[in-house]
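Structure, as structure tokens:
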Amino acid sequence: MRIVIIGNSATAVGAVEAIRQHDQAAEIVMISEEPLLIYSRPLLSHYLAGEIDAARLGYRPADFYTKHNIRPILSTRVTAIHPEEHTVETDSGAQYPYDRLLICTGGVPIVPPVPGADMEGVFTFTRYDDATRIEAHIARNPVHHAVVVGGGMIGIKATDALMKRGLRVVMVELAPRILSMSLDKTASDLLANLLEREGVRVLTENTVVEISGEPGADGDVPHVTSVHLRDGRGLQCELLVFGIGVRPNADLAREAGLTVNRGIVVDAFMRTSAPDVYAAGDVAEAYDLVVDMNRTVAIWPNAYRQGAIAGAHMVGVERPDRGGVAMNTVEVCGVPAMAIGDSAATGDEYEYLVELDERNNRYKRLVLKDGRLVGAILVGNVNRAGIYTGLIRAKVNVGAYRNSLLSDRFGLLSLPDHYRKHVVTGHGIEV
Amino acid sequence: MKRIVVHEEHCLGCRLCEVYCLVQHSSSRDIIKAYRQEREQVMPRVLVEESGPISFALQCRQCSEPSCVEACPSGAMHRDERTGAILCDEERCVGCWMCIMVCPAGAVRQNLAGTRIASKCDLCYGSEIPACVAHCPNEALTYEEVDLQEGGA
């Protein structure tokens with residue numbers, strides 16, 4: 001059997017590790033646009049900040065491909081999928097037949113149609129070559145001021161890295177507050193204040209409408225020198241990063257006639273609408289157990305897990321997906337923050353438990369619905385956060401225990417006996 | 001594989017497991033030096049929870065499908081090929097706390113001393129019996145061959 005994987009990140013690794021757990025014989029071909037072996041994109045901001053070297057970006061040891069008997073085909077773009085013929089076609093003109101195909105093409109960064117976005121000094125920030133191009137731009141030019149467009153995860157990570165490289169950063173966010181998708185106003189303000197205290201200017205309800213530049217020393221591509229904002233303000237900058245977010249990279253699937261909404265629609269085994277074709281990770285629209293519907297959630301844990309589910313199913317092992325939980329963690333000026341599940345929910349159908357200790361940059365917000373925990377925000381003290389995630393996943397009724405949920409002594413002992421024993425022993429209730 | 005089994009009905013809440021875990025993971029491995037000189041750098045990887053008459057000691061459950069390994073973006077969290085234990089490679093950890101966010105037992109914690117990395121039970125890697133088990137006076141912790149169901153814990 002021949003398995004073709006389009007992609008080379010968390011999902012692909014999850015798939016390969018699951019395949020090889022059950023099957024040593026299947027041939028695995030991995031096709032990737034990038035010239036690199038597997039590396040960790042979430043670590044790029046640490047790399048750009050100078051905290052880790054390029055070697056630390058390697059997500060798996062260098063012998064990963066040989067050990068798992070994978071044929072990597074790098075620097076190669078898949079140009080078409082032919083579900084009827086069971087083949088994929090690449091830009092080198094080669095055709096690869098498959099018995100099972102996994103599409104894990106991830107997302108593509110969103111770049112708004114702003115005049116001047118093609119200038120030198122304007123970047124996105126999702127791939128290794130983005131990080132190295134930003135580095136090279138800083139090394140070759142007098143760069144002191146940066147504008148980061150987007151106050152979400154990518155924007156904050158880019159800001160943090162540029163700040164650590166000594167740049168003056170202005171963050172521009174369209175929404176009324178940063179991380180508006182996952183944090184409530186209190187948590188958002190707390191993090192924005194931390195950023196401002198470190199010298200970052202945070203401008204909300206604003207955006208870049210035009211990028212201006214001057215011819216650079218090295219040729220005729222103009223270098224960015226300033227931006228104009230929607231409110232009429234101008235900002236000097238020699239570097240601009242679009243960190244707005246990503247959209248599912250689903251064009252190939254769409255052209256091949258697969259069912260695609262925002263992402264590629266998949267079932268509990270990550271099967272798409274085409275026979276023997278699977279999709280997983282950021283490109284897939286898989287089940288989210290908190291909102292009880294399929295949707296795209298571009299996060300690492302989901303990507304790996306979905307890859308493993310697809311990989312197992314390809315070799316005949318059924319591990320149906322029980323669904324993902326949207327979650328993320330970010331550190332702002334040394335203060336960790338987490339958003340889990342329906343963390344920013346508002347409305348009368350929810351109950352909220354909150355505790356704010358502004359002086360110590362600590363905040364907790366728990367969101368309950370019908371007696372069950374559906375979301376959590378933690379700023380400052382994040383130890384034992386996973387217990388909340390476990391409760392969300394298991395849909396445990398915590399109504400009777402709500403008073404202990406915010407306590408500093410909160411732990412498994414605060415919870416129903418049967419749930420505690422299940423977590424401790426690994427047996428008992430099925431979650 | 002061998003796992004640490006928690007018997008809450010036998011736990012006295014004496015916290016000797018925490019003491020000996022800390023000593024085991026200190027550089028001196030000496031109880032006096034560990035507490036007098038290294039207390040800032042080293043922390044126990046087992047945690048005693050106590051509420052009224054009930055107490056128990058909890059460390060990494062060594063899940064069969066570990067969420068922390070799935071969620072770790074640096075590759076630090078991994079299953080040791082030789083022993084099957086879930087370990088955190090401290091050289092690779094960047095302290096993103098993803099593991100803390102997903103561990104249902106709350107058994108991974110921040111070690112904020114020095115390099116800010118994730119800290120968890122390593123089953124006293126290389127030892128025959130983990131220190132917490134060896135020093136538990138009432139057999140509230142035992143070390144046994146246990147196979148978890150798929151998806152367990």
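Residue numbering restarts at 1 for every chain of the structure tokens, chains are lettered A, B, ... in their displayed order, and ligands are numbered from 1 as they appear.
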Spatial neighbours of Ser67 of chain B, 9 Å, only C-alpha atoms, chain gap at least 6 places, as a list in words: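 Non-adjacent residues within range: Pro301 and Arg305 of chain A; Cys99, Val102, Cys103 and Pro104 of chain B.
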10 Å contacts from chain B to chain A using only C-alpha atoms, as JSON, numbers by chain: {"B": [4, 5, 6, 7, 8, 48, 49, 50, 51, 54, 55, 56, 57, 58, 59, 60, 61, 62, 63, 64, 65, 67, 68, 69, 70, 71, 72, 73, 74, 75, 76, 78, 91, 92, 93, 94, 95, 96, 97, 98, 99, 100, 101, 102, 103, 104, 105, 106, 107, 108, 109, 110, 146, 147, 148, 149, 150, 151, 152, 153]}
In segment 93-273 of chain A, DSSP strand (DSSP E) residues written as a VMD selection string: chain A and resid 95 to 97 100 to 103 107 to 109 122 to 124 145 to 149 168 to 172 201 to 203 208 to 215 222 to 229 234 to 236 239 to 242 246 to 248 264 to 265
Take the residues that were just selected and, keeping N, CA and C atoms, output them as a compact mmCIF listing (two decimals), in the first residue's frame.
# COMPACT_ATOMS: atom_id res chain seq x y z
N GLN A 95 3.90 12.42 -11.37
CA GLN A 95 2.61 11.92 -10.89
C GLN A 95 2.89 10.90 -9.79
N TYR A 96 2.18 11.00 -8.68
CA TYR A 96 2.35 10.02 -7.61
C TYR A 96 1.03 9.30 -7.37
N PRO A 97 0.98 8.01 -7.67
CA PRO A 97 -0.24 7.27 -7.36
C PRO A 97 -0.34 7.01 -5.86
N ARG A 100 -3.91 5.63 -0.32
CA ARG A 100 -4.52 6.54 0.66
C ARG A 100 -3.79 7.88 0.54
N LEU A 101 -4.57 8.94 0.63
CA LEU A 101 -3.97 10.28 0.53
C LEU A 101 -4.36 11.10 1.76
N LEU A 102 -3.39 11.79 2.34
CA LEU A 102 -3.69 12.71 3.45
C LEU A 102 -3.33 14.13 3.02
N ILE A 103 -4.34 14.99 3.08
CA ILE A 103 -4.10 16.40 2.77
C ILE A 103 -3.92 17.13 4.10
N GLY A 107 -2.52 26.18 6.68
CA GLY A 107 -3.18 27.43 6.35
C GLY A 107 -2.25 28.36 5.59
N VAL A 108 -2.85 29.35 4.97
CA VAL A 108 -2.03 30.38 4.33
C VAL A 108 -2.31 31.71 5.02
N PRO A 109 -1.25 32.48 5.27
CA PRO A 109 -1.45 33.75 5.98
C PRO A 109 -2.32 34.71 5.17
N VAL A 122 8.01 44.08 4.09
CA VAL A 122 6.66 43.66 4.48
C VAL A 122 6.62 42.14 4.50
N PHE A 123 6.22 41.57 5.61
CA PHE A 123 6.30 40.11 5.78
C PHE A 123 5.02 39.53 6.37
N THR A 124 4.87 38.22 6.19
CA THR A 124 3.96 37.45 7.02
C THR A 124 4.85 36.67 7.97
N HIS A 145 11.93 50.66 13.80
CA HIS A 145 10.50 50.71 14.10
C HIS A 145 9.77 49.64 13.31
N ALA A 146 8.90 48.93 14.01
CA ALA A 146 8.13 47.89 13.33
C ALA A 146 6.64 48.10 13.60
N VAL A 147 5.85 47.75 12.60
CA VAL A 147 4.40 47.73 12.78
C VAL A 147 3.95 46.29 12.62
N VAL A 148 3.17 45.82 13.57
CA VAL A 148 2.60 44.49 13.46
C VAL A 148 1.10 44.65 13.29
N VAL A 149 0.59 44.12 12.19
CA VAL A 149 -0.84 44.21 11.93
C VAL A 149 -1.49 42.93 12.44
N ARG A 168 11.23 49.01 18.25
CA ARG A 168 10.06 49.68 18.80
C ARG A 168 8.87 49.18 18.00
N VAL A 169 7.90 48.58 18.66
CA VAL A 169 6.81 47.95 17.93
C VAL A 169 5.48 48.66 18.20
N VAL A 170 4.73 48.87 17.12
CA VAL A 170 3.35 49.33 17.25
C VAL A 170 2.47 48.21 16.74
N MET A 171 1.51 47.81 17.56
CA MET A 171 0.58 46.75 17.16
C MET A 171 -0.74 47.40 16.76
N VAL A 172 -1.24 47.01 15.60
CA VAL A 172 -2.47 47.60 15.10
C VAL A 172 -3.53 46.51 14.97
N ARG A 201 3.26 50.01 21.55
CA ARG A 201 2.02 50.80 21.44
C ARG A 201 0.95 49.90 20.86
N VAL A 202 -0.18 49.83 21.52
CA VAL A 202 -1.27 48.97 21.04
C VAL A 202 -2.39 49.88 20.55
N LEU A 203 -2.65 49.86 19.24
CA LEU A 203 -3.71 50.68 18.66
C LEU A 203 -4.85 49.77 18.23
N VAL A 208 -4.02 49.35 8.95
CA VAL A 208 -3.14 49.98 7.97
C VAL A 208 -3.87 50.07 6.64
N VAL A 209 -3.98 51.26 6.09
CA VAL A 209 -4.68 51.41 4.81
C VAL A 209 -3.72 51.63 3.64
N GLU A 210 -2.50 52.05 3.95
CA GLU A 210 -1.53 52.23 2.88
C GLU A 210 -0.10 52.10 3.42
N ILE A 211 0.74 51.47 2.59
CA ILE A 211 2.14 51.31 2.97
C ILE A 211 2.97 52.15 2.01
N SER A 212 3.86 53.00 2.54
CA SER A 212 4.70 53.83 1.68
C SER A 212 6.15 53.43 1.84
N GLY A 213 6.93 53.70 0.78
CA GLY A 213 8.33 53.33 0.84
C GLY A 213 9.21 54.21 -0.02
N GLU A 214 10.49 53.91 0.05
CA GLU A 214 11.47 54.61 -0.78
C GLU A 214 12.36 53.57 -1.42
N PRO A 215 12.95 53.89 -2.55
CA PRO A 215 13.85 52.91 -3.19
C PRO A 215 14.97 52.53 -2.23
N PRO A 222 10.98 49.13 -3.73
CA PRO A 222 10.97 50.10 -2.63
C PRO A 222 10.95 49.44 -1.27
N HIS A 223 11.61 50.06 -0.32
CA HIS A 223 11.60 49.59 1.07
C HIS A 223 10.55 50.37 1.85
N VAL A 224 9.85 49.67 2.72
CA VAL A 224 8.82 50.34 3.52
C VAL A 224 9.46 51.37 4.44
N THR A 225 8.83 52.55 4.51
CA THR A 225 9.32 53.59 5.42
C THR A 225 8.24 54.09 6.35
N SER A 226 6.97 53.93 5.94
CA SER A 226 5.89 54.38 6.81
C SER A 226 4.57 53.74 6.40
N VAL A 227 3.59 53.85 7.30
CA VAL A 227 2.25 53.38 6.96
C VAL A 227 1.23 54.45 7.32
N HIS A 228 0.12 54.41 6.62
CA HIS A 228 -1.00 55.27 6.98
C HIS A 228 -2.08 54.42 7.61
N LEU A 229 -2.64 54.92 8.70
CA LEU A 229 -3.69 54.19 9.39
C LEU A 229 -5.06 54.73 9.00
N GLY A 234 -0.13 58.65 10.70
CA GLY A 234 0.98 58.04 9.98
C GLY A 234 1.98 57.49 10.98
N LEU A 235 2.61 56.37 10.64
CA LEU A 235 3.61 55.78 11.53
C LEU A 235 4.86 55.48 10.74
N GLN A 236 6.00 55.87 11.28
CA GLN A 236 7.26 55.50 10.65
C GLN A 236 7.54 54.04 10.95
N LEU A 239 9.82 48.07 9.01
CA LEU A 239 9.45 46.65 8.98
C LEU A 239 7.97 46.55 9.30
N LEU A 240 7.26 45.72 8.53
CA LEU A 240 5.85 45.51 8.81
C LEU A 240 5.55 44.01 8.73
N VAL A 241 4.85 43.52 9.73
CA VAL A 241 4.46 42.11 9.72
C VAL A 241 2.94 42.01 9.72
N PHE A 242 2.40 41.28 8.75
CA PHE A 242 0.99 40.95 8.77
C PHE A 242 0.82 39.68 9.58
N VAL A 246 -4.60 32.97 9.59
CA VAL A 246 -4.46 32.12 8.41
C VAL A 246 -5.83 31.65 7.95
N ARG A 247 -5.92 31.34 6.65
CA ARG A 247 -7.13 30.68 6.16
C ARG A 247 -6.72 29.30 5.69
N PRO A 248 -7.65 28.34 5.76
CA PRO A 248 -7.30 26.98 5.36
C PRO A 248 -6.79 26.94 3.92
N ILE A 264 -11.69 21.76 4.64
CA ILE A 264 -12.14 20.52 4.01
C ILE A 264 -13.01 19.75 5.02
N VAL A 265 -14.20 19.39 4.61
CA VAL A 265 -15.12 18.72 5.52
C VAL A 265 -14.68 17.28 5.74
Pairwise distance for atom CA of Ala286 of chain A and atom CA of Asp321 of chain A, rounded to one decimal in Å: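 Atom CA of Asp321 of chain A lies 8.7 Å from atom CA of Ala286 of chain A.
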Contacts of Pro176 of chain A within 12 Å, only C-alpha atoms, excl. fewer than 5 positions in-chain, as a list in words: Gly150, Gly151, Met181, Leu183, Asp184, Lys185, Ser188, Asp189, Ala192, Val202, Leu203, Thr204, Glu205, Asn206 and Thr207 of chain A
Could you save the residues just selected, with C-alpha atoms, as a PDB file, in the first residue's frame?
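Output file part.pdb follows:
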ATOM      1  CA  GLY A 150      -2.997  41.902  14.034  1.00  0.00           C
ATOM      2  CA  GLY A 151      -3.417  41.497  17.764  1.00  0.00           C
ATOM      3  CA  MET A 181     -11.498  35.861  19.650  1.00  0.00           C
ATOM      4  CA  LEU A 183     -10.112  36.553  25.634  1.00  0.00           C
ATOM      5  CA  ASP A 184     -12.688  38.709  27.370  1.00  0.00           C
ATOM      6  CA  LYS A 185     -12.078  42.399  27.897  1.00  0.00           C
ATOM      7  CA  SER A 188      -7.292  41.437  26.957  1.00  0.00           C
ATOM      8  CA  ASP A 189      -6.716  44.725  28.781  1.00  0.00           C
ATOM      9  CA  ALA A 192      -2.367  45.027  26.433  1.00  0.00           C
ATOM     10  CA  VAL A 202      -1.271  48.974  21.037  1.00  0.00           C
ATOM     11  CA  LEU A 203      -3.712  50.682  18.663  1.00  0.00           C
ATOM     12  CA  THR A 204      -7.151  49.118  18.464  1.00  0.00           C
ATOM     13  CA  GLU A 205     -10.098  49.712  16.130  1.00  0.00           C
ATOM     14  CA  ASN A 206      -7.574  50.724  13.569  1.00  0.00           C
ATOM     15  CA  THR A 207      -5.783  49.272  10.578  1.00  0.00           C
TER      16      THR A 207
END
Within 8 Å of Leu366 of chain A using only C-alpha atoms, minus same-chain residues under 5 positions, as a list in words: Ser343, Tyr352, Leu353, Val354, Leu373, Val374, Gly375, Ala376 and Ile377 of chain A
Among the residues A:Ala256, A:Ile38, A:Ile138, A:Met270, the one that comes closest to Thr87 of chain A [using only C-alpha atoms]: A:Ala256
Shell of 10 Å around segment 123-134 of chain B, only C-alpha atoms, local chain residues under 4 positions omitted, as a ChimeraX atom specification: /B:2-6,15-25,44-46,57,59-60,62,80,83,85-87,138-144
Two-atom distance - atom CA of Ala344 of chain A, atom CA of Lys364 of chain A (Å):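 About the pair atom CA of Ala344 of chain A and atom CA of Lys364 of chain A: they are 11.9 Å apart.
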